Structures are given as C-alpha cells and as structure tokens.
Amino acid sequence: MVAVPVIQAAPQPAITLSNVQKQYGGERGVLALDRISTQIRDREFVSLIGPSGCGKSTLLRIISGLTSFEADEASVFGQAIAGPPAELGIVFQTANLLPWRTVAANLSLAVELRGHKTPDLPERTNAMLAKLGLEGFGARYPHELSGGMKQRVAIGQALMANPRVLLMDEPFGALDALTRDHLNVELLRIWQAERKTVVMVTHSISEAIFLSDRALVMSARPGRIIEDIRIDLPRPRDPRTTRQHPEFGRYVVQLSELMGIV
Ligand SMILES: Nc1ncnc2c1ncn2[C@@H]1O[C@H](COP(=O)(O)OP(=O)(O)OP(=O)(O)O)[C@@H](O)[C@H]1O
Ligand SMILES: [Mg+2]
C-alpha cells in the first residue's frame with residue numbers, strides 16, 4: 001500500500017500586506033507609507049515602533065479599512081480590506097467613552113451597535129468587568145474613573161464584540177509610567193486568556209519587548225519596515241521574570257540602536 005502524504009495547508013494569516021503604499025494629498029502630496037509588506041499570524045502579538053510621523057497610525061487605519069491606499073494585496077483573514085472588517089476591535093490613545101453611559105453600558109455598546117441578539121449580554125459585561133479588574137465599577141460613569149481605568153474600559157469595549165484582531169494605537173501613550181507598566185501586565189493577562197491577533201503601535205521599547213512576539217521597526221517618513229524582530233522570550237511572560245531575562249536587555253539595545261537612541 002502506498003502511503004498518501006498528508007499535505008497540511010499553512011494556516012491562513014490573520015493579516016497580509018503586500019506593497020502597501022499611502023500617499024496623502026494626491027500626486028504631489030505626502031508619501032506616508034512606502035511598500036509595506038508583512039504577514040501577521042493568527043494570535044500573534046505584533047508591535048509597530050518607529051519615529052513620530054512615520055505612518056504607524058496610517059497603517060492601522062489602513063488595516064481597519066478607514067482610509068484609502070494602494071497595494072498588491074491587503075487582507076484580513078483572506079478578505080481584501082474594503083471598509084471596516086467585522087473581525088476588528090480598535091483601541092485609540094485616549095479612550096472614546098460615551099460620558100452619559102455607565103461603564104457597563106459603554107462595554108455593551110459595541111455588541112448593541114452590531115445588533116447581535118445576546119440575551120447573555122449582562123453576564124458577558126460582568127465577566128469583562130472582572131477580566132479588566134473593574135468589578136464594582138459597572139454602574140459608574142467615565143468621569144469617575146482614572147485615565148488607566150478608562151483605557152481598560154476602552155480595551156474591554158473592543159474585546160466585547162469578540163473580534164479576531166485587536167488594533168491598538170498607543171493605547172497607553174497618555175498614561176504615566178507606573179500605570180503603563182501595570183496595564184502592560186493586565187493586557188498580557190487578557191491576551192494570554194483570549195489569544196487575539198494584536199497589532200499595537202507603541203513608542204515604548206520595553207513595552208514592545210515585554211508584550212510582543214514580533215516588533216516591526218519603521219523608518220522615518222516615508223515609513224518602511226526596516227527590521228522585523230522576533231522577540232523570542234519564553235511565554236507565559238511575567239513582569240518579575242521576563243524583564244530580568246538576559247535576552248531582554250539585548251532586545252532593548254537592538255531596538256534602541258535601530259531607533260537611533262544609542
Ligand atoms: N489626514 C492626513 N492628511 C494628510 N497627511 C496626513 C494625514 N494623516 C497623516 N498624515 C501625514 O502622514 C504621515 C504619517 O502620519 P501618521 O499619523 O500615520 O504617523 P505616526 O507614525 O502615527 O506618528 P505619531 O507617532 O506621531 O503618532 C505624517 O507625515 C503626517 O503628516
Ligand atoms: Mg500615530
């Protein structure tokens with residue numbers, strides 16, 4: 001009998017970008033992104049890091065279908081990007097919470113807007129509050145929360161619709177360093193439980209290393225990917241051990257050199 005070889009199809013990438021270009025303002029305008037090509041695997045955590053104005057937010061907007069672009073290919077789970085894909089959750093630098101809705105009502109908003117029939121919405125909202133470390137805050141209003149708590153609600157809001165891909169544009173950029181370190185640990189815990197595909201823009205080298213499987217380093221405008229660095233630190237990660245890992249410091253030096261900081 002002849003053994004039939006089992007051909008395993010490569011798993012479908014979460015995001016495929018091939019020669020993505022973005023020019024603002026027509027022919028004689030600003031070239032913001034220059035031939036961006038990469039693939040991001042399902043459940044991968046990827047950080048985008050690069051100088052101000054290099055096109056990081058533009059790239060997230062392209063992936064979220066919010067802006068026009070040119071490309072040989074740009075797809076999310078095999079679907080060409082043309083308008084906001086249903087599989088996406090987005091978190092911006094400052095939480096866009098509705099001030100007249102309670103925390104719980106802000107969390108349930110994304111699900112309500114999608115018109116999903118979800119009789120278990122109150123339970124899911126409570127479970128999310130617990131995941132975010134915000135038990136007991138469901139009936140509060142955004143103005144009663146700290147900046148870090150608001151940002152946690154924004155992440156929860158994006159996760160409530162159970163997206164396969166979470167895009168975050170400097171989600172902790174407006175926070176102080178201590179709150180940021182704390183939320184890094186929270187985000188890591190949430191990601192380890194939910195295993196979404198994440199693309200996160202950050203200006204923090206240590207944040208990128210602590211959280212990511214890969215860091216994509218971009219050049220100054222027009223933004224190109226100049227380095228694609230696999231962060232080979234063991235998982236599950238933990239603030240006590242990961243930052244002490246001998247390789248952690250080596251990644252900090254490597255990224256700092258690429259960013260022209262050292
Ligand atoms: N709507 C727009 N119209 C015209 N030019 C724009 C627009 N948005 C961004 N740009 C330009 O495109 C370039 C990339 O901007 P983008 O906001 O993507 O950078 P960024 O890497 O996110 O920067 P930062 O780190 O400061 O947030 C910049 O030169 C910017 O001036
Ligand atoms: Mg930006």
# chains A, B, ... in the order shown; residues from 1 in each chain; ligands from 1
call {"tool": "residues_near_ligand", "arguments": {"ligand": "ligand 2", "cutoff": "10 Å", "atoms": "only C-alpha atoms and all ligand atoms", "output": "VMD selection string"}}
result
chain A and resid 50 to 61 92 to 93 169 to 170 201 to 203
call {"tool": "write_last_selection", "arguments": {"atoms": "N, CA and C atoms", "output": "CSV table (one decimal), in the first residue's frame"}}
result
chain,number,residue,atom,x,y,z
A,50,GLY,N,8.4,53.1,15.7
A,50,GLY,CA,9.1,54.0,14.7
A,50,GLY,C,8.9,55.4,15.1
A,51,PRO,N,9.7,56.3,14.5
A,51,PRO,CA,9.7,57.7,14.8
A,51,PRO,C,8.3,58.4,14.5
A,52,SER,N,8.0,59.5,15.2
A,52,SER,CA,6.8,60.2,15.1
A,52,SER,C,6.6,60.6,13.6
A,53,GLY,N,5.4,60.4,13.1
A,53,GLY,CA,5.2,60.8,11.7
A,53,GLY,C,5.6,59.8,10.6
A,54,CYS,N,6.0,58.6,11.1
A,54,CYS,CA,6.5,57.6,10.1
A,54,CYS,C,5.3,56.8,9.5
A,55,GLY,N,4.1,56.9,10.0
A,55,GLY,CA,3.0,56.3,9.3
A,55,GLY,C,2.4,55.1,10.1
A,56,LYS,N,2.6,55.0,11.4
A,56,LYS,CA,2.1,53.9,12.2
A,56,LYS,C,0.6,54.0,12.3
A,57,SER,N,0.1,55.2,12.6
A,57,SER,CA,-1.4,55.3,12.7
A,57,SER,C,-2.0,55.1,11.4
A,58,THR,N,-1.3,55.6,10.3
A,58,THR,CA,-1.9,55.4,9.0
A,58,THR,C,-2.0,53.9,8.6
A,59,LEU,N,-1.0,53.2,9.0
A,59,LEU,CA,-1.0,51.7,8.7
A,59,LEU,C,-2.2,51.1,9.5
A,60,LEU,N,-2.4,51.4,10.7
A,60,LEU,CA,-3.5,50.9,11.5
A,60,LEU,C,-4.9,51.3,10.8
A,61,ARG,N,-4.9,52.5,10.4
A,61,ARG,CA,-6.2,53.0,9.7
A,61,ARG,C,-6.4,52.2,8.4
A,92,PHE,N,-7.9,53.4,20.7
A,92,PHE,CA,-7.1,54.5,20.4
A,92,PHE,C,-6.3,55.0,21.7
A,93,GLN,N,-5.5,56.0,21.5
A,93,GLN,CA,-4.6,56.5,22.5
A,93,GLN,C,-5.5,57.1,23.7
A,169,ASP,N,-3.7,51.7,19.0
A,169,ASP,CA,-2.8,52.8,18.6
A,169,ASP,C,-2.3,53.6,19.9
A,170,GLU,N,-1.1,53.2,20.3
A,170,GLU,CA,-0.6,53.8,21.5
A,170,GLU,C,-1.6,53.8,22.7
A,201,VAL,N,0.6,49.8,18.2
A,201,VAL,CA,1.6,50.9,18.0
A,201,VAL,C,2.1,51.4,19.3
A,202,THR,N,3.4,51.5,19.5
A,202,THR,CA,3.9,52.0,20.8
A,202,THR,C,5.2,52.8,20.5
A,203,HIS,N,5.4,53.7,21.4
A,203,HIS,CA,6.7,54.4,21.4
A,203,HIS,C,7.7,53.8,22.5
call {"tool": "select_by_dssp", "arguments": {"residues": "stretch 85-237 of chain A", "states": "alpha helix (DSSP H)", "output": "ChimeraX atom specification"}}
result
/A:103-113,121-131,147-160,177-194,205-211
call {"tool": "residues_around", "arguments": {"residues": "A:Ser204", "least_positions_apart": "2", "cutoff": "12 Å", "atoms": "only C-alpha atoms", "output": "number ranges by chain"}}
result
A: 47-51, 170-175, 177, 180-181, 184, 200-202, 206-212, 215, 217, 252, 255-256, 259, 261
call {"tool": "select_by_dssp", "arguments": {"residues": "stretch 52-235 of chain A", "states": "strand (DSSP E)", "output": "ChimeraX atom specification"}}
result
/A:73-76,79-80,88-91,165-169,197-201,214-218,225-230
call {"tool": "residues_around", "arguments": {"residues": "A:Asp232", "least_positions_apart": "2", "cutoff": "7 Å", "atoms": "only C-alpha atoms", "output": "list in words"}}
result
Asp213, Arg230 and Pro234 of chain A
call {"tool": "residues_around", "arguments": {"residues": "A:Ile190", "least_positions_apart": "4", "cutoff": "9 Å", "atoms": "only C-alpha atoms", "output": "ChimeraX atom specification"}}
result
/A:131-132,185-186,194-195
call {"tool": "write_last_selection", "arguments": {"atoms": "N, CA and C atoms", "output": "mmCIF file, in the first residue's frame"}}
result
data_model
loop_
_atom_site.group_PDB
_atom_site.id
_atom_site.type_symbol
_atom_site.label_atom_id
_atom_site.label_comp_id
_atom_site.auth_asym_id
_atom_site.auth_seq_id
_atom_site.Cartn_x
_atom_site.Cartn_y
_atom_site.Cartn_z
ATOM 1 N N LYS A 131 -12.528 40.675 34.150
ATOM 2 C CA LYS A 131 -11.284 40.498 33.393
ATOM 3 C C LYS A 131 -10.438 41.762 33.397
ATOM 4 N N LEU A 132 -11.135 42.902 33.395
ATOM 5 C CA LEU A 132 -10.435 44.185 33.341
ATOM 6 C C LEU A 132 -10.009 44.657 34.729
ATOM 7 N N VAL A 185 0.906 44.595 32.183
ATOM 8 C CA VAL A 185 0.703 43.295 32.822
ATOM 9 C C VAL A 185 -0.753 42.847 32.652
ATOM 10 N N GLU A 186 -1.665 43.810 32.819
ATOM 11 C CA GLU A 186 -3.094 43.488 32.628
ATOM 12 C C GLU A 186 -3.367 43.029 31.195
ATOM 13 N N GLU A 194 -7.226 35.356 26.056
ATOM 14 C CA GLU A 194 -8.099 35.487 24.874
ATOM 15 C C GLU A 194 -7.406 35.148 23.572
ATOM 16 N N ARG A 195 -6.086 35.265 23.534
ATOM 17 C CA ARG A 195 -5.278 34.973 22.354
ATOM 18 C C ARG A 195 -5.830 35.555 21.053
#
call {"tool": "residues_around", "arguments": {"residues": "A:Glu44", "least_positions_apart": "5", "cutoff": "10 Å", "atoms": "only C-alpha atoms", "output": "list in words"}}
result
Pro13, Ala14, Val165, Trp191, Arg195, Lys196, Thr197, Val198, Val199, Ser212, Asp213 and Arg214 of chain A
call {"tool": "closest_residue", "arguments": {"among": "A:Ala161, A:Ala220, A:Ile225, A:Leu97", "to": "ligand 1", "atoms": "only C-alpha atoms and all ligand atoms"}}
result
A:Ala220
call {"tool": "atom_distance", "arguments": {"atom1": "atom CA of A:Ser146", "atom2": "atom CA of A:Gly133"}}
result
13.1 Å
call {"tool": "closest_residue", "arguments": {"among": "A:Ile62, A:Ile81, A:Leu134, A:Ala127", "to": "A:Leu167", "atoms": "only C-alpha atoms"}}
result
A:Ile62
call {"tool": "residues_around", "arguments": {"residues": "A:Gly89", "least_positions_apart": "3", "cutoff": "6 Å", "atoms": "only C-alpha atoms", "output": "PyMOL selection string"}}
result
chain A and resi 158+163+166
call {"tool": "closest_residue", "arguments": {"among": "A:Val20, A:Ala105, A:Ile205, A:Ile15", "to": "A:Arg43", "atoms": "only C-alpha atoms"}}
result
A:Ile15
